[in-house]
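Undergrad: model-v5.pdb (PDB, C-alpha atoms) pasted underneath:
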```pdb
ATOM      1  CA  MET A   1      57.214 -20.931  48.604  1.00  0.00           C
ATOM      2  CA  ARG A   2      58.598 -19.049  45.646  1.00  0.00           C
ATOM      3  CA  ALA A   3      57.484 -19.387  42.055  1.00  0.00           C
ATOM      4  CA  GLY A   4      59.766 -20.702  39.353  1.00  0.00           C
ATOM      5  CA  SER A   5      63.464 -20.170  40.027  1.00  0.00           C
ATOM      6  CA  GLY A   6      63.214 -18.353  43.328  1.00  0.00           C
ATOM      7  CA  TRP A   7      60.935 -15.422  42.427  1.00  0.00           C
ATOM      8  CA  PRO A   8      58.338 -14.426  45.041  1.00  0.00           C
ATOM      9  CA  LEU A   9      54.647 -15.051  44.641  1.00  0.00           C
ATOM     10  CA  GLY A  10      52.217 -12.212  44.026  1.00  0.00           C
ATOM     11  CA  LEU A  11      49.032 -12.570  46.078  1.00  0.00           C
ATOM     12  CA  ALA A  12      45.563 -11.021  46.086  1.00  0.00           C
ATOM     13  CA  THR A  13      42.652 -10.645  48.496  1.00  0.00           C
ATOM     14  CA  GLY A  14      38.866 -10.567  48.193  1.00  0.00           C
ATOM     15  CA  ARG A  15      36.015 -13.057  48.345  1.00  0.00           C
ATOM     16  CA  THR A  16      37.252 -14.957  45.291  1.00  0.00           C
ATOM     17  CA  MET A  17      40.544 -15.622  47.056  1.00  0.00           C
ATOM     18  CA  GLU A  18      38.954 -17.091  50.189  1.00  0.00           C
ATOM     19  CA  ALA A  19      38.239 -20.347  48.347  1.00  0.00           C
ATOM     20  CA  VAL A  20      41.677 -20.285  46.715  1.00  0.00           C
ATOM     21  CA  TYR A  21      43.464 -20.017  50.044  1.00  0.00           C
ATOM     22  CA  ALA A  22      41.173 -22.604  51.662  1.00  0.00           C
ATOM     23  CA  ALA A  23      42.105 -25.074  48.923  1.00  0.00           C
ATOM     24  CA  LEU A  24      45.781 -24.204  49.339  1.00  0.00           C
ATOM     25  CA  ALA A  25      45.588 -24.760  53.090  1.00  0.00           C
ATOM     26  CA  ALA A  26      43.919 -28.146  52.558  1.00  0.00           C
ATOM     27  CA  GLY A  27      46.615 -29.118  50.089  1.00  0.00           C
ATOM     28  CA  VAL A  28      49.379 -28.119  52.457  1.00  0.00           C
ATOM     29  CA  ALA A  29      47.752 -30.031  55.313  1.00  0.00           C
ATOM     30  CA  ALA A  30      47.896 -33.178  53.171  1.00  0.00           C
ATOM     31  CA  LEU A  31      51.666 -32.900  52.762  1.00  0.00           C
ATOM     32  CA  SER A  32      54.116 -34.760  54.953  1.00  0.00           C
ATOM     33  CA  PRO A  33      55.608 -32.793  57.880  1.00  0.00           C
ATOM     34  CA  PRO A  34      59.002 -32.424  56.108  1.00  0.00           C
ATOM     35  CA  GLN A  35      57.265 -31.117  52.991  1.00  0.00           C
ATOM     36  CA  GLN A  36      55.244 -28.635  55.042  1.00  0.00           C
ATOM     37  CA  LEU A  37      58.385 -27.418  56.768  1.00  0.00           C
ATOM     38  CA  CYS A  38      60.149 -26.972  53.431  1.00  0.00           C
ATOM     39  CA  LEU A  39      57.236 -24.928  52.082  1.00  0.00           C
ATOM     40  CA  ARG A  40      57.143 -22.703  55.165  1.00  0.00           C
ATOM     41  CA  GLU A  41      60.873 -22.091  55.069  1.00  0.00           C
ATOM     42  CA  GLN A  42      60.781 -21.111  51.393  1.00  0.00           C
ATOM     43  CA  TRP A  43      57.618 -18.989  51.445  1.00  0.00           C
ATOM     44  CA  PHE A  44      58.043 -15.401  50.203  1.00  0.00           C
ATOM     45  CA  SER A  45      55.206 -13.324  48.749  1.00  0.00           C
ATOM     46  CA  PHE A  46      54.039  -9.800  48.032  1.00  0.00           C
ATOM     47  CA  ASN A  47      50.420  -8.728  48.200  1.00  0.00           C
ATOM     48  CA  LEU A  48      48.953  -6.428  45.607  1.00  0.00           C
ATOM     49  CA  ASP A  49      47.458  -3.776  47.824  1.00  0.00           C
ATOM     50  CA  GLU A  50      46.370  -2.325  51.145  1.00  0.00           C
ATOM     51  CA  TYR A  51      43.915   0.350  52.223  1.00  0.00           C
ATOM     52  CA  VAL A  52      45.372   3.708  53.249  1.00  0.00           C
ATOM     53  CA  GLY A  53      44.535   4.436  56.876  1.00  0.00           C
ATOM     54  CA  LEU A  54      44.028   0.890  58.182  1.00  0.00           C
ATOM     55  CA  ALA A  55      46.431  -0.732  60.638  1.00  0.00           C
ATOM     56  CA  PRO A  56      47.555  -4.326  60.024  1.00  0.00           C
ATOM     57  CA  GLY A  57      45.609  -5.367  63.115  1.00  0.00           C
ATOM     58  CA  ASP A  58      42.365  -3.844  61.830  1.00  0.00           C
ATOM     59  CA  ALA A  59      40.096  -6.772  60.927  1.00  0.00           C
ATOM     60  CA  ARG A  60      39.083  -4.949  57.721  1.00  0.00           C
ATOM     61  CA  SER A  61      42.645  -4.572  56.448  1.00  0.00           C
ATOM     62  CA  PHE A  62      44.150  -6.833  53.816  1.00  0.00           C
ATOM     63  CA  ALA A  63      46.948  -7.648  56.250  1.00  0.00           C
ATOM     64  CA  ALA A  64      44.325  -9.096  58.605  1.00  0.00           C
ATOM     65  CA  PHE A  65      42.678 -10.923  55.690  1.00  0.00           C
ATOM     66  CA  MET A  66      45.976 -12.585  54.834  1.00  0.00           C
ATOM     67  CA  ALA A  67      46.591 -13.455  58.490  1.00  0.00           C
ATOM     68  CA  ARG A  68      43.209 -15.209  58.691  1.00  0.00           C
ATOM     69  CA  HIS A  69      43.251 -16.980  55.355  1.00  0.00           C
ATOM     70  CA  LEU A  70      46.936 -17.725  54.727  1.00  0.00           C
ATOM     71  CA  VAL A  71      49.447 -16.936  57.482  1.00  0.00           C
ATOM     72  CA  GLU A  72      47.622 -18.700  60.310  1.00  0.00           C
ATOM     73  CA  PRO A  73      46.365 -21.763  58.357  1.00  0.00           C
ATOM     74  CA  LEU A  74      49.807 -22.357  56.822  1.00  0.00           C
ATOM     75  CA  VAL A  75      51.664 -21.398  60.026  1.00  0.00           C
ATOM     76  CA  LEU A  76      53.828 -18.856  58.209  1.00  0.00           C
ATOM     77  CA  ASP A  77      55.999 -16.119  59.624  1.00  0.00           C
ATOM     78  CA  PRO A  78      54.027 -12.896  58.924  1.00  0.00           C
ATOM     79  CA  ALA A  79      57.245 -11.292  57.688  1.00  0.00           C
ATOM     80  CA  GLN A  80      57.208 -13.717  54.748  1.00  0.00           C
ATOM     81  CA  VAL A  81      53.941 -12.191  53.471  1.00  0.00           C
ATOM     82  CA  ARG A  82      54.713  -8.598  52.500  1.00  0.00           C
ATOM     83  CA  LEU A  83      52.050  -5.904  52.221  1.00  0.00           C
ATOM     84  CA  PRO A  84      52.194  -2.112  51.994  1.00  0.00           C
ATOM     85  CA  ASP A  85      51.847  -0.302  55.333  1.00  0.00           C
ATOM     86  CA  GLY A  86      48.405   1.284  55.378  1.00  0.00           C
ATOM     87  CA  LEU A  87      49.385   3.499  58.322  1.00  0.00           C
ATOM     88  CA  ALA A  88      52.550   4.897  56.760  1.00  0.00           C
ATOM     89  CA  PRO A  89      52.637   8.669  57.433  1.00  0.00           C
ATOM     90  CA  ASP A  90      53.425   9.306  53.752  1.00  0.00           C
ATOM     91  CA  PRO A  91      51.442   6.837  51.615  1.00  0.00           C
ATOM     92  CA  ALA A  92      53.128   7.942  48.394  1.00  0.00           C
ATOM     93  CA  ALA A  93      56.563   7.309  49.889  1.00  0.00           C
ATOM     94  CA  GLU A  94      55.350   3.931  51.187  1.00  0.00           C
ATOM     95  CA  ALA A  95      54.154   2.995  47.703  1.00  0.00           C
ATOM     96  CA  LEU A  96      57.563   3.899  46.310  1.00  0.00           C
ATOM     97  CA  ARG A  97      59.304   1.874  49.040  1.00  0.00           C
ATOM     98  CA  PHE A  98      57.095  -1.167  48.443  1.00  0.00           C
ATOM     99  CA  GLY A  99      57.667  -1.007  44.697  1.00  0.00           C
ATOM    100  CA  ARG A 100      61.416  -0.850  45.234  1.00  0.00           C
ATOM    101  CA  GLU A 101      61.297  -3.811  47.629  1.00  0.00           C
ATOM    102  CA  LEU A 102      59.410  -5.849  45.052  1.00  0.00           C
ATOM    103  CA  ALA A 103      61.907  -4.907  42.346  1.00  0.00           C
ATOM    104  CA  ALA A 104      64.841  -5.781  44.614  1.00  0.00           C
ATOM    105  CA  ALA A 105      63.313  -9.245  45.109  1.00  0.00           C
ATOM    106  CA  GLY A 106      63.475  -9.784  41.350  1.00  0.00           C
ATOM    107  CA  GLY A 107      59.830  -9.150  40.526  1.00  0.00           C
ATOM    108  CA  ILE A 108      56.950 -11.597  40.696  1.00  0.00           C
ATOM    109  CA  GLY A 109      57.199 -15.202  39.548  1.00  0.00           C
ATOM    110  CA  LEU A 110      53.507 -16.194  39.664  1.00  0.00           C
ATOM    111  CA  GLN A 111      50.923 -13.436  40.137  1.00  0.00           C
ATOM    112  CA  LEU A 112      47.489 -14.412  41.466  1.00  0.00           C
ATOM    113  CA  LEU A 113      44.704 -12.026  40.417  1.00  0.00           C
ATOM    114  CA  GLY A 114      40.995 -11.527  40.854  1.00  0.00           C
ATOM    115  CA  LEU A 115      38.836  -9.368  38.586  1.00  0.00           C
ATOM    116  CA  GLY A 116      36.972  -6.298  39.794  1.00  0.00           C
ATOM    117  CA  LEU A 117      33.474  -5.485  38.589  1.00  0.00           C
ATOM    118  CA  ASN A 118      34.814  -2.449  36.742  1.00  0.00           C
ATOM    119  CA  GLY A 119      37.719  -4.405  35.278  1.00  0.00           C
ATOM    120  CA  HIS A 120      40.390  -3.509  37.781  1.00  0.00           C
ATOM    121  CA  VAL A 121      43.186  -5.868  38.791  1.00  0.00           C
ATOM    122  CA  GLY A 122      44.872  -5.021  42.053  1.00  0.00           C
ATOM    123  CA  PHE A 123      43.404  -1.582  42.670  1.00  0.00           C
ATOM    124  CA  ASN A 124      44.337  -0.328  39.204  1.00  0.00           C
ATOM    125  CA  GLU A 125      41.072   1.476  38.559  1.00  0.00           C
ATOM    126  CA  PRO A 126      39.942   2.563  35.081  1.00  0.00           C
ATOM    127  CA  PRO A 127      41.167   4.447  33.193  1.00  0.00           C
ATOM    128  CA  CYS A 128      44.604   2.949  33.659  1.00  0.00           C
ATOM    129  CA  ALA A 129      47.594   2.671  31.355  1.00  0.00           C
ATOM    130  CA  ALA A 130      49.711  -0.465  31.184  1.00  0.00           C
ATOM    131  CA  GLU A 131      52.864   1.403  32.238  1.00  0.00           C
ATOM    132  CA  VAL A 132      51.750   2.616  35.680  1.00  0.00           C
ATOM    133  CA  SER A 133      53.760   1.375  38.644  1.00  0.00           C
ATOM    134  CA  THR A 134      53.087   0.951  42.372  1.00  0.00           C
ATOM    135  CA  ARG A 135      51.319   4.038  43.717  1.00  0.00           C
ATOM    136  CA  VAL A 136      48.475   5.507  45.773  1.00  0.00           C
ATOM    137  CA  VAL A 137      45.091   5.379  44.018  1.00  0.00           C
ATOM    138  CA  GLU A 138      41.620   6.812  44.568  1.00  0.00           C
ATOM    139  CA  LEU A 139      39.065   4.015  44.752  1.00  0.00           C
ATOM    140  CA  CYS A 140      36.078   4.207  42.406  1.00  0.00           C
ATOM    141  CA  PRO A 141      32.535   4.183  43.818  1.00  0.00           C
ATOM    142  CA  THR A 142      31.984   0.782  42.170  1.00  0.00           C
ATOM    143  CA  THR A 143      34.963  -0.675  44.009  1.00  0.00           C
ATOM    144  CA  ARG A 144      33.926   0.802  47.332  1.00  0.00           C
ATOM    145  CA  ARG A 145      30.450  -0.694  46.927  1.00  0.00           C
ATOM    146  CA  GLN A 146      31.944  -4.055  45.955  1.00  0.00           C
ATOM    147  CA  ASN A 147      34.152  -4.073  49.070  1.00  0.00           C
ATOM    148  CA  ALA A 148      31.589  -2.685  51.508  1.00  0.00           C
ATOM    149  CA  THR A 149      30.747  -6.066  53.056  1.00  0.00           C
ATOM    150  CA  ALA A 150      33.806  -5.880  55.317  1.00  0.00           C
ATOM    151  CA  PHE A 151      32.722  -2.388  56.390  1.00  0.00           C
ATOM    152  CA  GLY A 152      29.238  -3.125  57.619  1.00  0.00           C
ATOM    153  CA  GLY A 153      27.774  -2.814  54.138  1.00  0.00           C
ATOM    154  CA  ASP A 154      28.482   0.921  54.003  1.00  0.00           C
ATOM    155  CA  PRO A 155      30.472   2.004  50.922  1.00  0.00           C
ATOM    156  CA  ALA A 156      31.220   5.344  52.574  1.00  0.00           C
ATOM    157  CA  ALA A 157      33.110   3.479  55.322  1.00  0.00           C
ATOM    158  CA  VAL A 158      35.492   1.910  52.791  1.00  0.00           C
ATOM    159  CA  PRO A 159      38.747   3.904  52.673  1.00  0.00           C
ATOM    160  CA  ALA A 160      38.875   6.285  49.738  1.00  0.00           C
ATOM    161  CA  GLN A 161      42.494   5.462  48.923  1.00  0.00           C
ATOM    162  CA  ALA A 162      44.739   2.418  48.672  1.00  0.00           C
ATOM    163  CA  ILE A 163      48.317   1.563  47.792  1.00  0.00           C
ATOM    164  CA  THR A 164      48.456  -0.823  44.862  1.00  0.00           C
ATOM    165  CA  VAL A 165      51.079  -2.640  42.842  1.00  0.00           C
ATOM    166  CA  GLY A 166      50.871  -1.218  39.334  1.00  0.00           C
ATOM    167  CA  LEU A 167      50.106  -2.850  36.042  1.00  0.00           C
ATOM    168  CA  ALA A 168      53.749  -2.474  35.069  1.00  0.00           C
ATOM    169  CA  GLU A 169      54.798  -4.852  37.854  1.00  0.00           C
ATOM    170  CA  ILE A 170      51.832  -7.174  37.285  1.00  0.00           C
ATOM    171  CA  LEU A 171      52.573  -7.495  33.573  1.00  0.00           C
ATOM    172  CA  ALA A 172      56.247  -8.126  34.353  1.00  0.00           C
ATOM    173  CA  ALA A 173      55.320 -11.289  36.305  1.00  0.00           C
ATOM    174  CA  ARG A 174      56.626 -14.475  34.700  1.00  0.00           C
ATOM    175  CA  ARG A 175      53.200 -16.118  34.930  1.00  0.00           C
ATOM    176  CA  ILE A 176      49.710 -14.866  35.834  1.00  0.00           C
ATOM    177  CA  LEU A 177      46.737 -16.802  37.218  1.00  0.00           C
ATOM    178  CA  LEU A 178      43.443 -14.887  36.903  1.00  0.00           C
ATOM    179  CA  VAL A 179      40.586 -16.387  38.931  1.00  0.00           C
ATOM    180  CA  VAL A 180      37.034 -15.241  38.139  1.00  0.00           C
ATOM    181  CA  THR A 181      33.979 -16.625  39.936  1.00  0.00           C
ATOM    182  CA  GLY A 182      30.316 -15.760  40.323  1.00  0.00           C
ATOM    183  CA  ALA A 183      27.532 -14.509  38.087  1.00  0.00           C
ATOM    184  CA  ALA A 184      28.253 -10.902  39.061  1.00  0.00           C
ATOM    185  CA  LYS A 185      31.527 -11.117  37.121  1.00  0.00           C
ATOM    186  CA  ALA A 186      29.990 -12.501  33.903  1.00  0.00           C
ATOM    187  CA  ALA A 187      29.583  -9.123  32.189  1.00  0.00           C
ATOM    188  CA  VAL A 188      33.095  -7.857  32.903  1.00  0.00           C
ATOM    189  CA  LEU A 189      34.607 -11.240  32.000  1.00  0.00           C
ATOM    190  CA  ALA A 190      32.794 -11.146  28.653  1.00  0.00           C
ATOM    191  CA  ARG A 191      34.294  -7.700  28.015  1.00  0.00           C
ATOM    192  CA  LEU A 192      37.746  -8.969  28.929  1.00  0.00           C
ATOM    193  CA  LEU A 193      37.474 -11.862  26.497  1.00  0.00           C
ATOM    194  CA  ARG A 194      36.268  -9.825  23.536  1.00  0.00           C
ATOM    195  CA  GLU A 195      37.713  -6.318  23.847  1.00  0.00           C
ATOM    196  CA  GLU A 196      41.109  -5.146  22.713  1.00  0.00           C
ATOM    197  CA  PRO A 197      43.456  -3.875  25.460  1.00  0.00           C
ATOM    198  CA  SER A 198      42.564  -0.362  26.587  1.00  0.00           C
ATOM    199  CA  GLU A 199      42.765   1.971  29.575  1.00  0.00           C
ATOM    200  CA  ASP A 200      38.998   1.674  30.057  1.00  0.00           C
ATOM    201  CA  LEU A 201      39.355  -1.978  31.107  1.00  0.00           C
ATOM    202  CA  PRO A 202      42.623  -2.354  33.029  1.00  0.00           C
ATOM    203  CA  ALA A 203      42.416  -6.163  33.095  1.00  0.00           C
ATOM    204  CA  SER A 204      42.416  -6.148  29.292  1.00  0.00           C
ATOM    205  CA  TRP A 205      46.157  -5.408  29.333  1.00  0.00           C
ATOM    206  CA  LEU A 206      46.594  -9.016  30.458  1.00  0.00           C
ATOM    207  CA  ARG A 207      45.804 -10.025  26.871  1.00  0.00           C
ATOM    208  CA  ARG A 208      49.298  -8.844  25.946  1.00  0.00           C
ATOM    209  CA  HIS A 209      50.942 -11.197  28.444  1.00  0.00           C
ATOM    210  CA  THR A 210      52.272 -14.467  27.055  1.00  0.00           C
ATOM    211  CA  ALA A 211      51.632 -16.684  30.098  1.00  0.00           C
ATOM    212  CA  VAL A 212      48.174 -16.037  31.546  1.00  0.00           C
ATOM    213  CA  THR A 213      45.998 -18.855  32.863  1.00  0.00           C
ATOM    214  CA  LEU A 214      42.289 -18.039  33.296  1.00  0.00           C
ATOM    215  CA  LEU A 215      40.399 -20.080  35.890  1.00  0.00           C
ATOM    216  CA  VAL A 216      36.632 -19.483  35.650  1.00  0.00           C
ATOM    217  CA  ASP A 217      33.513 -21.089  37.109  1.00  0.00           C
ATOM    218  CA  ARG A 218      30.300 -21.678  35.149  1.00  0.00           C
ATOM    219  CA  ALA A 219      28.485 -18.785  36.811  1.00  0.00           C
ATOM    220  CA  ALA A 220      31.118 -16.293  35.641  1.00  0.00           C
ATOM    221  CA  LEU A 221      30.725 -17.704  32.127  1.00  0.00           C
ATOM    222  CA  GLY A 222      27.013 -16.953  32.302  1.00  0.00           C
ATOM    223  CA  GLU A 223      26.008 -20.613  32.245  1.00  0.00           C
TER
END
```
What would you get if you wrote out this structure as structure tokens?
TA:
Amino acid sequence: MRAGSGWPLGLATGRTMEAVYAALAAGVAALSPPQQLCLREQWFSFNLDEYVGLAPGDARSFAAFMARHLVEPLVLDPAQVRLPDGLAPDPAAEALRFGRELAAAGGIGLQLLGLGLNGHVGFNEPPCAAEVSTRVVELCPTTRRQNATAFGGDPAAVPAQAITVGLAEILAARRILLVVTGAAKAAVLARLLREEPSEDLPASWLRRHTAVTLLVDRAALGE
């Protein structure tokens, strides 16, 4: 499935996205067989990021996450769900290649995003300018703690680096859907809603986009 007039989807990972993909899988299962086939044939998406040093078959990788939560439930061809190669011998060159592949596809139609506890989107850690493109990043201690569940609860076991699609590509998406859930996100969501765009809160650059939809649960609103 492509967004809009043939542009690929931009996808995310993380606990917030598990419920999103479960709902998507249920919706697809309710379609008629011809409709399901049409969706599978048209599917084309790019993921935001991948850990440096993890193979696609590693259960902790984002490639494996997407296989479990999207590719297998929707019976997609894995080649239709593009991610950076975490085992590329030159991560910087792989980031450049992935960014060029995304650009060659026309950029993102609909970008799905979660919100990190420190305000990152993708792995665009603070401080982060709006103009940065796909690259290798160092993960902040806050992010490594947030993602430690998949690594036995040990933040030190979370890879120190990742390849991420940059804010430049995210902000160039035709539409953006930001999903924020859970009480732990209430403080950073409040900052996002009240603060002017700045490098200290990378997600705040979304305020400059003209087509952002914010989907929030009551817990994230502090209710």
Undergrad: Specify as a PyMOL selection string each residue included when the PyMOL selection byres ((chain A and resi 210) around 10) is applied to this file.
TA: chain A and resi 171+174-176+206-209+211-213
Undergrad: Go through A:Arg191, A:Arg40, A:Arg135, A:Arg100 and flag the residue nearest Gly122 in chain A, using all atoms listed in the file for the distances.
TA: A:Arg135
Undergrad: Around range 199-209 of chain A, fit a box with edges along x, y and z, padding it by 4 Å on each side, then list its centre and edge lengths in Å to one decimal as JSON.
TA:
```
{"center_x": 45.0, "center_y": -4.6, "center_z": 29.5, "size_x": 19.9, "size_y": 21.2, "size_z": 15.1}
```
Undergrad: For Arg15 in chain A, which residue out of A:Thr149, A:Asp200, A:Gly86, A:Ser45 is the nearest one, using only C-alpha atoms?
TA: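 Ranking A:Thr149, A:Asp200, A:Gly86, A:Ser45 by distance to Arg15 in chain A, first place goes to A:Thr149.
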Undergrad: For the atom pair CA of Asn147 in chain A and CA of Gly182 in chain A, what is the interatomic distance in Å to one decimal place?
TA: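 Straight-line distance from CA of Asn147 in chain A to CA of Gly182 in chain A works out to 15.1 Å.
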Undergrad: Which residues would end up in the selection if the PyMOL selection byres ((chain A and resi 42) around 12) were applied here, given that I need the answer as a PyMOL selection string?
TA: chain A and resi 1-3+5-9+35-41+43-45+76-77+80-81
Undergrad: Applying 8 Å and only C-alpha atoms, which residues near Ala129 in chain A remain after dropping the ones on its own chain fewer than 5 positions away? List them as a list in words.
TA: Leu167, Ser198, Glu199 and Pro202 of chain A
Undergrad: Would you kindly return, as a PDB file with C-alpha atoms, in the frame of the given file, each protein, DNA or RNA residue with an atom no farther than 8 Å from any atom of range 24-28 of chain A, considering only C-alpha atoms and excluding same-chain residues fewer than 6 positions away?
TA:
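The resulting out-v5.pdb:
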```pdb
ATOM      1  CA  GLN A  36      55.244 -28.635  55.042  1.00  0.00           C
ATOM      2  CA  LEU A  70      46.936 -17.725  54.727  1.00  0.00           C
ATOM      3  CA  PRO A  73      46.365 -21.763  58.357  1.00  0.00           C
ATOM      4  CA  LEU A  74      49.807 -22.357  56.822  1.00  0.00           C
TER       5      LEU A  74
END
```
Undergrad: Quick one: distance from CA of Leu178 in chain A to CA of Ala64 in chain A in Å, one decimal?
TA: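 These atoms are spaced 22.5 Å apart.
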Undergrad: Give me the residues near Thr16 in chain A as an mmCIF file with C-alpha atoms, in the coordinates of the input, where near means some atom within 9 Å (using all atoms listed in the file) and where sequence neighbours in that chain fewer than 6 positions away do not count.
TA:
```
data_model
loop_
_atom_site.group_PDB
_atom_site.id
_atom_site.type_symbol
_atom_site.label_atom_id
_atom_site.label_comp_id
_atom_site.auth_asym_id
_atom_site.auth_seq_id
_atom_site.Cartn_x
_atom_site.Cartn_y
_atom_site.Cartn_z
ATOM 1 C CA GLY A 114 40.995 -11.527 40.854
ATOM 2 C CA LEU A 115 38.836 -9.368 38.586
ATOM 3 C CA VAL A 179 40.586 -16.387 38.931
ATOM 4 C CA VAL A 180 37.034 -15.241 38.139
ATOM 5 C CA THR A 181 33.979 -16.625 39.936
ATOM 6 C CA GLY A 182 30.316 -15.760 40.323
#
```
Undergrad: Quick one, how far is CA of Gly119 in chain A from CA of Val132 in chain A?
TA: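 Distance reported for this atom pair: 15.7 Å.
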Undergrad: Find the residue from A:Ala12, A:Ile163, A:Leu139, A:Ala187 that sits nearest to Asp90 in chain A; use all atoms listed in the file when measuring.
TA: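 Between A:Ala12, A:Ile163, A:Leu139, A:Ala187, the residue approaching Asp90 in chain A most closely is A:Ile163.
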Undergrad: Rank nothing, just name the residue among A:Ala22, A:Leu31, A:Val137, A:Ala162 nearest to Ala88 in chain A, using only C-alpha atoms.
TA: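 Of the candidates, the smallest distance to Ala88 in chain A is held by A:Ala162.
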Undergrad: Kindly resolve the PyMOL selection byres ((chain A and resi 183) around 7) on the present coordinates and return the residues as a CSV table (one decimal) with C-alpha atoms, in the coordinates of the input.
TA:
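Generated file (part-v7.csv):
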```csv
chain,number,residue,atom,x,y,z
A,182,GLY,CA,30.3,-15.8,40.3
A,184,ALA,CA,28.3,-10.9,39.1
A,185,LYS,CA,31.5,-11.1,37.1
A,186,ALA,CA,30.0,-12.5,33.9
A,219,ALA,CA,28.5,-18.8,36.8
A,220,ALA,CA,31.1,-16.3,35.6
A,222,GLY,CA,27.0,-17.0,32.3
```
Undergrad: For Phe98 in chain A, which residue among A:Phe123, A:Phe46, A:Phe62, A:Tyr51 is the nearest when counting all atoms listed in the file?
TA: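 Nearest candidate to Phe98 in chain A out of A:Phe123, A:Phe46, A:Phe62, A:Tyr51: A:Phe46.
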Undergrad: Against range 150-154 of chain A, which residues of range 44-77 of chain A fall within 12 Å? For each one I want the closest pair of atoms and the distance in Å (one decimal), counting only C-alpha atoms, rows by chain and increasing residue number, as a Markdown table.
TA:
```
| residue | atom | partner | partner_atom | distance |
| --- | --- | --- | --- | --- |
| A:Leu54 | CA | A:Phe151 | CA | 11.9 |
| A:Asp58 | CA | A:Ala150 | CA | 10.9 |
| A:Ala59 | CA | A:Ala150 | CA | 8.5 |
| A:Arg60 | CA | A:Ala150 | CA | 5.9 |
| A:Ser61 | CA | A:Ala150 | CA | 9.0 |
| A:Phe62 | CA | A:Ala150 | CA | 10.5 |
| A:Ala64 | CA | A:Ala150 | CA | 11.5 |
| A:Phe65 | CA | A:Ala150 | CA | 10.2 |
```
Undergrad: Please list, as a list in words, the residues that have an atom at most 10 Å away from (32.1, -0.9, 44.3) in the coordinates of this file, counting all atoms listed in the file.
TA: Gly116, Leu117, Asn118, Leu139, Cys140, Pro141, Thr142, Thr143, Arg144, Arg145, Gln146, Asn147, Ala148, Pro155 and Val158 of chain A
Undergrad: Have a look at A:Leu11, A:Ala93, A:Leu192, A:Val20 and name the one nearest to His120 in chain A; count all atoms listed in the file.
TA: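 For His120 in chain A, the nearest of the given residues is A:Leu192.
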